[in-house]
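Structure data (TSV, C-alpha atoms) from run_39.tsv:
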chain	number	residue	atom	x	y	z
A	1	MET	CA	59.36	206.56	189.63
A	2	ASN	CA	62.06	205.68	187.07
A	3	SER	CA	61.32	203.26	184.26
A	4	PRO	CA	63.68	200.23	183.97
A	5	ARG	CA	65.22	201.74	180.83
A	6	GLN	CA	65.93	205.00	182.70
A	7	THR	CA	67.46	203.07	185.62
A	8	VAL	CA	69.83	201.21	183.28
A	9	ARG	CA	70.82	204.47	181.66
A	10	ASP	CA	71.57	205.99	185.08
A	11	VAL	CA	73.70	203.02	186.12
A	12	ASP	CA	75.63	203.21	182.83
A	13	GLU	CA	76.27	206.89	183.39
A	14	MET	CA	77.47	206.28	186.94
A	15	LEU	CA	79.88	203.53	185.82
A	16	ARG	CA	81.23	205.72	183.03
A	17	LYS	CA	81.96	208.48	185.50
A	18	ALA	CA	83.48	206.16	188.11
A	19	LEU	CA	85.77	204.46	185.58
A	20	ALA	CA	86.68	207.54	183.61
A	21	ASP	CA	90.41	207.18	184.19
A	22	ASP	CA	92.34	204.36	182.55
A	23	LEU	CA	93.09	201.36	184.71
A	24	PRO	CA	96.68	200.91	185.90
A	25	ALA	CA	98.63	198.70	183.47
A	26	ASP	CA	99.19	195.83	185.94
A	27	VAL	CA	95.49	195.72	186.89
A	28	ALA	CA	94.47	195.75	183.21
A	29	GLU	CA	96.95	192.94	182.48
A	30	GLY	CA	95.70	190.87	185.38
A	31	MET	CA	92.10	191.29	184.22
A	32	ARG	CA	93.03	190.33	180.66
A	33	VAL	CA	94.76	187.14	181.86
A	34	ARG	CA	91.76	186.27	183.98
A	35	ILE	CA	89.32	186.88	181.13
A	36	ASP	CA	91.44	184.79	178.74
A	37	ARG	CA	91.60	181.96	181.27
A	38	PHE	CA	87.82	182.12	181.73
A	39	ARG	CA	87.24	182.07	177.96
A	40	ALA	CA	89.64	179.16	177.47
A	41	LYS	CA	87.90	177.15	180.19
A	42	ARG	CA	84.49	177.83	178.66
A	43	THR	CA	85.73	176.69	175.26
A	44	GLU	CA	87.24	173.51	176.73
A	45	ASP	CA	84.04	172.74	178.64
A	46	GLY	CA	81.97	173.27	175.51
A	47	GLU	CA	84.18	170.96	173.50
A	48	ALA	CA	84.12	168.35	176.25
A	49	ALA	CA	80.32	168.49	176.48
A	50	GLY	CA	79.86	168.47	172.73
A	51	GLY	CA	82.47	165.92	171.75
A	52	ALA	CA	84.19	163.85	174.36
A	53	THR	CA	81.10	162.97	176.42
A	54	ALA	CA	78.48	162.93	173.68
A	55	TRP	CA	80.17	160.27	171.56
A	56	PRO	CA	80.63	157.65	174.30
A	57	TRP	CA	77.06	158.28	175.40
A	58	PHE	CA	75.83	157.85	171.83
A	59	PHE	CA	78.00	154.74	171.46
A	60	ARG	CA	76.74	153.26	174.73
A	61	ARG	CA	73.14	154.04	173.79
A	62	THR	CA	73.53	152.43	170.37
A	63	VAL	CA	75.16	149.32	171.85
A	64	TRP	CA	72.42	149.00	174.46
A	65	ALA	CA	69.71	149.52	171.85
A	66	ALA	CA	71.24	146.88	169.57
A	67	LEU	CA	71.68	144.44	172.47
A	68	SER	CA	68.15	144.93	173.74
A	69	ILE	CA	66.62	144.43	170.29
A	70	LEU	CA	68.75	141.31	169.79
A	71	MET	CA	67.52	139.98	173.15
A	72	LEU	CA	63.93	140.71	172.19
A	73	ILE	CA	64.23	138.99	168.81
A	74	ALA	CA	66.08	136.01	170.33
A	75	GLY	CA	63.35	135.61	172.95
A	76	ILE	CA	60.57	135.73	170.37
A	77	LEU	CA	62.37	133.27	168.05
A	78	LEU	CA	63.18	130.84	170.89
A	79	GLN	CA	59.58	130.95	172.08
A	80	GLY	CA	58.30	130.47	168.54
A	81	ALA	CA	60.60	127.48	168.10
A	82	LYS	CA	59.21	126.02	171.36
A	83	SER	CA	62.72	125.65	172.82
A	84	PRO	CA	62.88	123.02	175.59
A	85	SER	CA	62.17	124.39	179.04
A	86	PRO	CA	61.93	122.37	182.26
A	87	LEU	CA	58.90	124.36	183.34
A	88	ALA	CA	57.14	123.79	180.01
A	89	ASP	CA	58.01	120.07	180.20
A	90	ARG	CA	56.60	119.95	183.71
A	91	ILE	CA	53.36	121.64	182.61
A	92	ALA	CA	53.15	119.23	179.67
A	93	SER	CA	53.46	116.25	182.02
A	94	ILE	CA	50.76	117.68	184.32
A	95	LYS	CA	48.46	118.25	181.34
A	96	ALA	CA	49.18	114.79	179.99
A	97	ALA	CA	48.45	113.28	183.41
A	98	GLY	CA	45.21	115.26	183.61
A	99	SER	CA	44.21	114.09	180.13
A	100	GLY	CA	45.00	110.49	181.07
A	101	VAL	CA	42.82	110.73	184.18
A	102	GLU	CA	39.99	112.16	182.07
A	103	GLN	CA	40.27	109.36	179.51
A	104	ILE	CA	40.22	106.68	182.26
A	105	ARG	CA	37.09	108.30	183.72
A	106	ARG	CA	35.41	108.08	180.33
B	1	MET	CA	45.49	131.21	205.18
B	2	ASN	CA	48.74	131.61	203.24
B	3	LYS	CA	51.18	132.60	206.01
B	4	ALA	CA	54.22	132.60	203.72
B	5	GLY	CA	52.39	134.87	201.29
B	6	LEU	CA	51.37	137.25	204.07
B	7	LEU	CA	54.89	137.50	205.49
B	8	TYR	CA	56.32	137.94	201.99
B	9	LEU	CA	53.90	140.81	201.40
B	10	VAL	CA	54.66	142.60	204.68
B	11	PHE	CA	58.46	142.31	204.42
B	12	GLY	CA	58.38	142.93	200.67
B	13	SER	CA	56.41	146.14	201.22
B	14	VAL	CA	58.90	147.34	203.84
B	15	ALA	CA	61.78	146.58	201.46
B	16	ALA	CA	60.06	148.31	198.53
B	17	ALA	CA	59.47	151.40	200.70
B	18	LEU	CA	63.16	151.50	201.64
B	19	MET	CA	64.14	151.19	197.97
B	20	GLY	CA	62.28	154.35	197.04
B	21	PHE	CA	62.25	156.46	200.22
B	22	THR	CA	64.62	157.39	203.02
B	23	VAL	CA	63.89	156.48	206.63
B	24	PRO	CA	63.15	160.14	207.62
B	25	GLU	CA	60.69	160.40	204.71
B	26	ILE	CA	58.94	157.20	205.82
B	27	ALA	CA	58.84	158.39	209.43
B	28	ALA	CA	57.38	161.75	208.38
B	29	ALA	CA	54.70	159.96	206.32
B	30	PHE	CA	53.72	157.84	209.33
B	31	ARG	CA	53.64	160.89	211.63
B	32	GLN	CA	51.47	162.86	209.23
B	33	ALA	CA	49.14	159.90	208.69
B	34	ALA	CA	48.71	159.87	212.47
B	35	GLY	CA	47.56	163.50	212.36
B	36	ARG	CA	50.78	165.48	212.87
B	37	ALA	CA	50.73	168.87	211.15
B	38	GLY	CA	53.05	169.68	208.29
B	39	THR	CA	53.57	172.03	205.39
B	40	ASP	CA	51.67	171.56	202.15
B	41	ALA	CA	54.80	170.29	200.43
B	42	SER	CA	55.60	167.72	203.13
B	43	ARG	CA	51.98	166.54	203.13
B	44	ARG	CA	52.10	166.04	199.40
B	45	ARG	CA	55.31	164.05	199.74
B	46	SER	CA	53.75	161.94	202.51
B	47	ALA	CA	50.65	161.39	200.34
B	48	HIS	CA	52.94	160.17	197.58
B	49	PHE	CA	54.63	157.77	200.02
B	50	TRP	CA	51.29	156.19	200.93
B	51	GLU	CA	50.23	156.00	197.30
B	52	ALA	CA	53.53	154.30	196.50
B	53	ALA	CA	53.03	151.89	199.42
B	54	ALA	CA	49.59	150.96	198.02
B	55	ARG	CA	51.08	150.49	194.57
B	56	ASN	CA	53.90	148.32	195.96
B	57	ALA	CA	51.45	146.12	197.87
B	58	TRP	CA	49.32	145.62	194.75
B	59	ILE	CA	52.28	144.79	192.49
B	60	LEU	CA	53.94	142.60	195.13
B	61	GLY	CA	50.66	140.70	195.54
B	62	ALA	CA	50.62	139.91	191.83
B	63	LEU	CA	54.32	139.01	191.86
B	64	GLY	CA	53.83	136.73	194.88
B	65	SER	CA	50.94	134.99	193.13
B	66	ALA	CA	53.01	134.45	189.97
B	67	LEU	CA	55.99	133.04	191.94
B	68	ASN	CA	53.75	130.85	194.10
B	69	PHE	CA	51.96	129.64	190.98
B	70	THR	CA	55.23	128.66	189.33
B	71	ILE	CA	56.37	126.74	192.39
B	72	ALA	CA	52.98	125.00	192.59
B	73	LEU	CA	53.41	123.87	188.98
B	74	GLY	CA	56.90	122.61	189.72
B	75	SER	CA	55.76	120.46	192.66
B	76	ASP	CA	54.89	116.81	192.31
B	77	SER	CA	52.88	115.91	195.40
B	78	GLY	CA	49.15	115.25	195.47
B	79	GLY	CA	48.69	114.65	191.77
B	80	ILE	CA	46.65	116.96	189.58
B	81	SER	CA	44.18	117.77	192.39
B	82	GLY	CA	47.00	118.71	194.79
B	83	ILE	CA	48.69	120.92	192.21
B	84	SER	CA	45.35	122.58	191.34
B	85	GLY	CA	44.71	123.32	195.01
B	86	ARG	CA	48.13	124.91	195.45
B	87	MET	CA	47.70	126.96	192.27
B	88	VAL	CA	44.40	128.37	193.52
B	89	GLN	CA	45.92	129.05	196.94
B	90	SER	CA	48.70	131.05	195.30
B	91	LEU	CA	46.10	133.56	194.07
B	92	VAL	CA	45.30	134.41	197.71
B	93	VAL	CA	48.53	136.46	197.88
B	94	MET	CA	46.99	138.86	195.36
B	95	LEU	CA	44.00	139.28	197.65
B	96	TYR	CA	46.32	140.14	200.57
B	97	GLY	CA	48.05	142.66	198.31
B	98	LEU	CA	44.74	144.29	197.43
B	99	VAL	CA	43.71	144.56	201.09
B	100	LEU	CA	47.07	146.10	202.05
B	101	ALA	CA	46.83	148.50	199.09
B	102	VAL	CA	43.40	149.69	200.23
B	103	VAL	CA	44.71	150.20	203.77
B	104	CYS	CA	47.59	152.32	202.43
B	105	LEU	CA	45.33	154.34	200.13
B	106	ILE	CA	43.31	155.73	203.05
B	107	PRO	CA	46.14	157.95	204.46
B	108	ALA	CA	47.17	158.76	200.88
B	109	MET	CA	43.72	160.17	200.11
B	110	LYS	CA	43.51	161.96	203.46
B	111	LEU	CA	46.90	163.65	203.05
B	112	ALA	CA	46.36	164.45	199.37
B	113	GLU	CA	43.09	166.17	200.23
B	114	ALA	CA	44.71	168.24	202.98
B	115	GLY	CA	47.76	168.99	200.84
B	116	THR	CA	45.91	170.52	197.87
B	117	PRO	CA	46.32	174.30	197.47
B	118	ALA	CA	42.60	174.84	198.14
B	119	GLY	CA	42.73	172.74	201.31
B	120	PRO	CA	42.59	174.01	204.87
B	121	ALA	CA	46.34	173.63	205.41
B	122	ALA	CA	48.50	176.71	205.70
B	123	GLN	CA	49.00	178.51	202.41
B	124	GLY	CA	52.28	179.81	201.07
B	125	THR	CA	54.32	177.10	202.68
B	126	GLN	CA	55.83	175.68	199.52
B	127	ALA	CA	59.20	174.33	200.53
B	128	ALA	CA	61.94	172.78	198.52
B	129	PRO	CA	62.49	169.12	199.32
B	130	ALA	CA	64.87	168.63	202.22
B	131	ARG	CA	68.45	167.97	201.15
B	132	ARG	CA	69.42	164.46	202.15
B	133	PRO	CA	72.98	163.26	202.56
B	134	ALA	CA	73.85	161.05	199.58
B	135	GLY	CA	75.28	158.37	201.88
B	136	LEU	CA	72.02	158.07	203.81
B	137	VAL	CA	70.00	157.66	200.60
B	138	ALA	CA	72.40	155.06	199.19
B	139	SER	CA	72.57	153.01	202.39
B	140	GLY	CA	68.76	153.03	202.69
B	141	ARG	CA	68.38	151.82	199.13
B	142	VAL	CA	70.99	149.09	199.54
B	143	LEU	CA	69.23	147.94	202.71
B	144	GLY	CA	65.92	147.92	200.81
B	145	TYR	CA	67.31	145.82	197.96
B	146	VAL	CA	69.02	143.37	200.33
B	147	LEU	CA	65.80	142.97	202.35
B	148	PHE	CA	63.78	142.52	199.16
B	149	ALA	CA	66.12	139.85	197.79
B	150	ALA	CA	66.15	138.08	201.17
B	151	THR	CA	62.33	138.19	201.38
B	152	VAL	CA	61.81	136.75	197.88
B	153	ALA	CA	64.50	134.09	198.40
B	154	ALA	CA	63.18	133.08	201.83
B	155	THR	CA	59.60	132.84	200.51
B	156	ILE	CA	60.63	130.67	197.55
B	157	LEU	CA	62.77	128.41	199.73
B	158	PHE	CA	59.97	128.11	202.29
B	159	LEU	CA	57.41	127.23	199.61
B	160	MET	CA	59.74	124.73	197.92
B	161	GLY	CA	60.72	123.22	201.26
B	162	GLY	CA	57.08	122.36	201.87
B	163	GLN	CA	56.87	120.20	198.73
B	164	ALA	CA	57.41	116.47	198.57
B	165	ARG	CA	61.05	115.40	198.42
B	166	GLY	CA	62.17	114.85	194.84
B	167	GLY	CA	59.00	116.44	193.55
B	168	PRO	CA	59.86	120.04	192.73
B	169	LEU	CA	62.16	120.96	189.92
B	170	PRO	CA	65.37	122.77	190.88
B	171	LEU	CA	64.78	126.43	191.72
B	172	ASN	CA	66.51	127.88	188.68
B	173	LYS	CA	64.63	125.56	186.35
B	174	VAL	CA	61.27	126.45	187.82
B	175	LEU	CA	61.67	130.21	187.68
B	176	LEU	CA	63.79	130.75	184.60
B	177	HIS	CA	62.08	130.35	181.25
B	178	GLY	CA	64.77	131.87	179.00
B	179	PRO	CA	62.67	133.27	176.11
B	180	ALA	CA	60.34	135.16	178.47
B	181	ILE	CA	63.26	136.75	180.34
B	182	LEU	CA	64.91	137.79	177.07
B	183	VAL	CA	61.68	139.34	175.78
B	184	VAL	CA	60.92	141.24	179.01
B	185	PHE	CA	64.39	142.68	179.62
B	186	GLY	CA	65.20	143.25	175.94
B	187	GLY	CA	61.87	144.94	175.31
B	188	ALA	CA	62.00	147.04	178.47
B	189	VAL	CA	65.52	148.35	177.78
B	190	ALA	CA	64.68	149.02	174.12
B	191	LEU	CA	61.52	150.95	174.96
B	192	ALA	CA	63.27	152.92	177.72
B	193	LEU	CA	66.08	153.88	175.33
B	194	PHE	CA	63.69	154.95	172.60
B	195	ALA	CA	61.68	157.01	175.09
B	196	GLY	CA	64.86	159.00	175.77
B	197	ARG	CA	66.56	160.50	178.84
B	198	GLY	CA	64.09	163.34	179.28
B	199	VAL	CA	61.29	160.97	180.24
B	200	GLY	CA	63.33	159.72	183.21
B	201	ALA	CA	62.20	156.69	185.19
B	202	ARG	CA	58.78	156.78	183.55
B	203	ALA	CA	60.46	155.26	180.50
B	204	LEU	CA	61.33	152.15	182.54
B	205	THR	CA	57.78	151.86	183.87
B	206	LEU	CA	56.50	152.09	180.31
B	207	GLY	CA	59.16	149.61	179.14
B	208	PHE	CA	58.48	146.90	181.71
B	209	ALA	CA	54.69	147.26	181.64
B	210	MET	CA	54.30	147.42	177.87
B	211	THR	CA	56.71	144.54	177.30
B	212	GLY	CA	54.87	142.56	179.96
B	213	VAL	CA	51.51	143.21	178.26
B	214	ILE	CA	52.92	142.24	174.86
B	215	ALA	CA	54.45	139.07	176.33
B	216	LEU	CA	51.17	138.10	178.02
B	217	LEU	CA	49.30	138.58	174.76
B	218	MET	CA	51.93	136.59	172.84
B	219	GLY	CA	51.70	133.74	175.33
B	220	LEU	CA	47.90	133.70	175.27
B	221	ILE	CA	47.77	133.62	171.48
B	222	GLN	CA	50.35	130.82	171.39
B	223	ALA	CA	48.37	128.85	173.96
B	224	LEU	CA	45.20	129.25	171.91
B	225	PHE	CA	47.08	128.00	168.85
B	226	GLY	CA	48.18	125.05	170.97
B	227	PHE	CA	44.55	124.27	171.77
B	228	ALA	CA	43.60	124.64	168.12
B	229	HIS	CA	46.37	122.21	167.13
B	230	THR	CA	45.74	120.00	170.23
B	231	ASN	CA	49.46	120.30	170.92
B	232	ILE	CA	50.31	119.97	174.63
B	233	LYS	CA	53.93	121.00	174.08
B	234	GLU	CA	52.89	124.29	172.50
B	235	ILE	CA	50.39	125.03	175.26
B	236	SER	CA	52.93	124.22	177.97
B	237	SER	CA	55.57	126.41	176.38
B	238	ALA	CA	53.04	129.27	176.17
B	239	ILE	CA	51.98	128.85	179.80
B	240	ALA	CA	55.61	128.88	180.98
B	241	PHE	CA	56.15	132.01	178.88
B	242	ILE	CA	53.11	133.80	180.35
B	243	ILE	CA	53.99	133.08	183.98
B	244	THR	CA	57.69	133.92	183.68
B	245	ALA	CA	57.08	137.07	181.63
B	246	ALA	CA	54.48	138.32	184.12
B	247	ALA	CA	56.80	137.60	187.08
B	248	PHE	CA	59.82	139.36	185.58
B	249	ALA	CA	57.85	142.36	184.30
B	250	LEU	CA	56.36	142.81	187.79
B	251	LEU	CA	59.82	142.41	189.32
B	252	GLY	CA	61.17	145.11	187.00
B	253	LEU	CA	58.28	147.41	187.87
B	254	VAL	CA	58.53	147.05	191.64
B	255	ALA	CA	62.31	146.79	192.02
B	256	VAL	CA	63.64	149.05	189.26
B	257	ALA	CA	61.12	151.46	187.74
B	258	ALA	CA	58.90	152.37	190.71
B	259	PRO	CA	61.74	153.24	193.19
B	260	LEU	CA	63.39	155.46	190.56
B	261	GLU	CA	60.12	157.30	189.94
B	262	ASP	CA	59.68	157.70	193.71
B	263	ARG	CA	63.15	159.23	194.02
B	264	GLU	CA	62.41	161.67	191.20
B	265	ILE	CA	59.31	162.88	193.02
B	266	MET	CA	60.90	163.03	196.48
B	267	ASP	CA	63.93	164.90	195.09
B	268	GLY	CA	61.60	167.49	193.55
B	269	ARG	CA	62.55	166.63	189.96
B	270	ARG	CA	58.91	165.80	189.19
B	271	ASP	CA	55.67	167.01	190.70
B	272	LYS	CA	53.88	163.65	190.74
B	273	ALA	CA	53.82	160.25	189.10
B	274	GLY	CA	52.91	160.24	185.41
B	275	PRO	CA	49.35	159.31	184.42
B	276	PHE	CA	50.58	156.44	182.24
B	277	SER	CA	52.73	155.10	185.08
B	278	ARG	CA	49.71	155.13	187.40
B	279	LEU	CA	47.62	153.37	184.77
B	280	PHE	CA	50.24	150.65	184.27
B	281	TRP	CA	50.70	150.14	188.02
B	282	VAL	CA	46.99	149.42	188.38
B	283	VAL	CA	46.28	147.58	185.15
B	284	PHE	CA	49.31	145.32	184.70
B	285	PRO	CA	48.95	143.37	187.99
B	286	LEU	CA	45.24	142.95	187.17
B	287	LEU	CA	46.12	141.58	183.74
B	288	THR	CA	48.60	139.23	185.41
B	289	PHE	CA	45.87	137.96	187.71
B	290	ILE	CA	43.51	137.35	184.76
B	291	CYS	CA	46.28	135.54	182.88
B	292	LEU	CA	47.09	133.37	185.91
B	293	VAL	CA	43.43	132.35	186.16
B	294	LEU	CA	43.39	131.56	182.43
B	295	THR	CA	46.63	129.61	182.88
B	296	PHE	CA	45.08	127.61	185.68
B	297	ILE	CA	42.12	126.76	183.43
B	298	MET	CA	44.50	125.77	180.62
B	299	VAL	CA	46.54	123.50	182.91
B	300	VAL	CA	43.59	121.66	184.42
B	301	THR	CA	41.57	121.41	181.18
B	302	PRO	CA	42.11	117.88	179.86
B	303	MET	CA	42.90	117.32	176.21
B	304	THR	CA	41.32	114.19	174.83
B	305	LYS	CA	43.39	114.11	171.64
B	306	PRO	CA	46.98	114.95	172.58
B	307	GLY	CA	49.06	115.84	169.57
B	308	GLY	CA	52.66	116.93	168.95
Target encoding structure tokens, full file:
Amino acid sequence: MNSPRQTVRDVDEMLRKALADDLPADVAEGMRVRIDRFRAKRTEDGEAAGGATAWPWFFRRTVWAALSILMLIAGILLQGAKSPSPLADRIASIKAAGSGVEQIRR
Amino acid sequence: MNKAGLLYLVFGSVAAALMGFTVPEIAAAFRQAAGRAGTDASRRRSAHFWEAAARNAWILGALGSALNFTIALGSDSGGISGISGRMVQSLVVMLYGLVLAVVCLIPAMKLAEAGTPAGPAAQGTQAAPARRPAGLVASGRVLGYVLFAATVAATILFLMGGQARGGPLPLNKVLLHGPAILVVFGGAVALALFAGRGVGARALTLGFAMTGVIALLMGLIQALFGFAHTNIKEISSAIAFIITAAAFALLGLVAVAAPLEDREIMDGRRDKAGPFSRLFWVVFPLLTFICLVLTFIMVVTPMTKPGG
């Protein structure tokens, strides 16, 4: 049984023999154009992934992070300042009524 | 018996299932719970559906209690005793949620046991998740969200319609305590962003649950300061903060984070729900319940020396 290294060597040898003659000029030219096109596309894709899409994502992420932290701080400050809220006022009136009832009982 | 709460829970659970799963996935989970055979992979997915259904029922129970509680506080009929009675009744929704969760956990455990590699089910039947048409998934989710919104709106309107005329505050004023909403959504988005994209939907679960816990703690501490200063205004503001923060954190968990985690698992992007997500799904509704009980005690406890 052949080892993997031996198998690779055999395949290399077979390819070398099969492609011993030079390719016709038009076929070689066509291959070169295709390879260049493939390389150019890869480069463009890489640039797009690295630059064009990364920056807007980073920008969006930063904006969202800043907005969310601002919201958090605003919420904490508003709560700390006991900003008027209809629900809180309602609870206050219920508590005040309950306290009044308790004082009358006493 | 709280009929509105029961209906809210049933329809809410159906909507939450549609938000995270497709109709064929739900049908397969029901078939396999009824004893139909399936591959190991499909059994595991069905087990996850039932676990998610139990989770949804538990979280929806807590959310229903918080909403009901808020509406009870906003009502004006029956005086302090009437309001107290309605506040206690609102906690019954949580009990319904727990019962439904236990019912859903039974098929989840049964299928999970049969779906483990060492189980009696056929071995070597690992299959990739079935490819679903994108349109089918999207339409199912839209239907789920519409049904969920309709269920919550109908429940609130029904509960508010039962109050004395002129008593309740307007809907938006009862449910929207601005600072709590800012803290919950700001904190959840910030935590999710800092967790990064690789964490996926688990970041949102962490965000909503952790922000909810922090908000509950903040509110409790503020309320205790209010008692120490005998300041009714401070206590009331803290109570409003606790209830609204709990309601919106639960809403974020059940309507945003949990369906996204379900989709990740059903699409094969994750093997199972994260351990922290599971912990938060169980613990946060329980904390909400404890805080609602404490809130009830704070509301009905009279203060003999009102300050402020």
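Taking all atoms listed in the file into account, those protein, DNA and RNA residues with any atom at most 10 Å away from (56.4, 133.9, 191.2) amount to B:Leu60, B:Gly61, B:Ala62, B:Leu63, B:Gly64, B:Ser65, B:Ala66, B:Leu67, B:Asn68, B:Phe69, B:Thr70, B:Ile71, B:Ala72, B:Ser90, B:Val152, B:Thr155, B:Ile156, B:Val174, B:Leu175, B:Ile243, B:Thr244, B:Ala246, B:Ala247, B:Phe248, B:Leu250, B:Leu251.
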Using all atoms listed in the file, find each residue in chain A having at least one atom no more than 8 Å away from chain B; report its shortest atom-to-atom pair and that distance in Å (one decimal), rows by chain then rising number, as a Markdown table.
| residue | atom | partner | partner_atom | distance |
| --- | --- | --- | --- | --- |
| A:Arg61 | CA | B:Leu193 | CA | 7.2 |
| A:Trp64 | CA | B:Val189 | CA | 7.7 |
| A:Ala65 | CA | B:Ala190 | CA | 5.5 |
| A:Leu67 | CA | B:Gly186 | CA | 7.4 |
| A:Ser68 | CA | B:Gly186 | CA | 4.0 |
| A:Ile69 | CA | B:Gly186 | CA | 5.9 |
| A:Leu70 | CA | B:Gly186 | CA | 7.4 |
| A:Met71 | CA | B:Gly186 | CA | 4.9 |
| A:Leu72 | CA | B:Val183 | CA | 4.5 |
| A:Ile73 | CA | B:Val183 | CA | 7.4 |
| A:Ala74 | CA | B:Leu182 | CA | 7.1 |
| A:Gly75 | CA | B:Pro179 | CA | 4.0 |
| A:Ile76 | CA | B:Pro179 | CA | 6.6 |
| A:Leu78 | CA | B:Pro179 | CA | 5.8 |
| A:Gln79 | CA | B:Pro179 | CA | 5.6 |
| A:Lys82 | CA | B:Ser237 | CA | 6.2 |
| A:Ser85 | CA | B:His177 | CA | 6.4 |
| A:Pro86 | CA | B:Lys173 | CA | 5.8 |
| A:Leu87 | CA | B:Val174 | CA | 5.5 |
| A:Ala88 | CA | B:Ser236 | CA | 4.7 |
| A:Asp89 | CA | B:Ser236 | CA | 6.9 |
| A:Arg90 | CA | B:Gly74 | CA | 6.6 |
| A:Ile91 | CA | B:Ser236 | CA | 5.3 |
| A:Ala92 | CA | B:Ser236 | CA | 5.3 |
| A:Ile94 | CA | B:Ile80 | CA | 6.7 |
| A:Lys95 | CA | B:Val299 | CA | 5.8 |
| A:Ala96 | CA | B:Ile232 | CA | 7.5 |
| A:Ala97 | CA | B:Ile80 | CA | 7.4 |
| A:Gly98 | CA | B:Pro302 | CA | 5.5 |
| A:Ser99 | CA | B:Pro302 | CA | 4.3 |
| A:Glu102 | CA | B:Pro302 | CA | 6.5 |
| A:Gln103 | CA | B:Thr304 | CA | 6.8 |
Subject >> Residue contacts of Ala112 of chain B (9 Å, all atoms listed in the file) excluding same-chain residues fewer than 6 positions away, as a ChimeraX atom specification >> reply: /B:43-48
Original post:
Between atom CA of Pro107 of chain B and atom CA of Arg31 of chain B, what is the distance, to one decimal in Å?
Top reply: 10.8 Å
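Using only C-alpha atoms, the protein and nucleic acid residues lying no more than 12 Å from segment 1-3 of chain B, apart from those fewer than 2 places from it along its own chain, are B:Gly5, B:Leu6, B:Leu7, B:Tyr8, B:Leu9, B:Val10, B:Gly64, B:Ser65, B:Asn68, B:Arg86, B:Met87, B:Val88, B:Gln89, B:Ser90, B:Leu91, B:Val92, B:Val93, B:Met94, B:Leu95, B:Tyr96, B:Thr155, B:Phe158, B:Leu159.
The protein and nucleic acid residues lying at most 8 Å from Ser277 of chain B are Arg202, Thr205, Leu206, Ala273 and Trp281 of chain B, with all atoms listed in the file considered and sequence neighbours fewer than 4 positions away removed.
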Original post:
Which value, in Å to one decimal, gives the distance between atom CA of Phe276 of chain B and atom CA of Thr22 of chain B?
Top reply: 25.1 Å
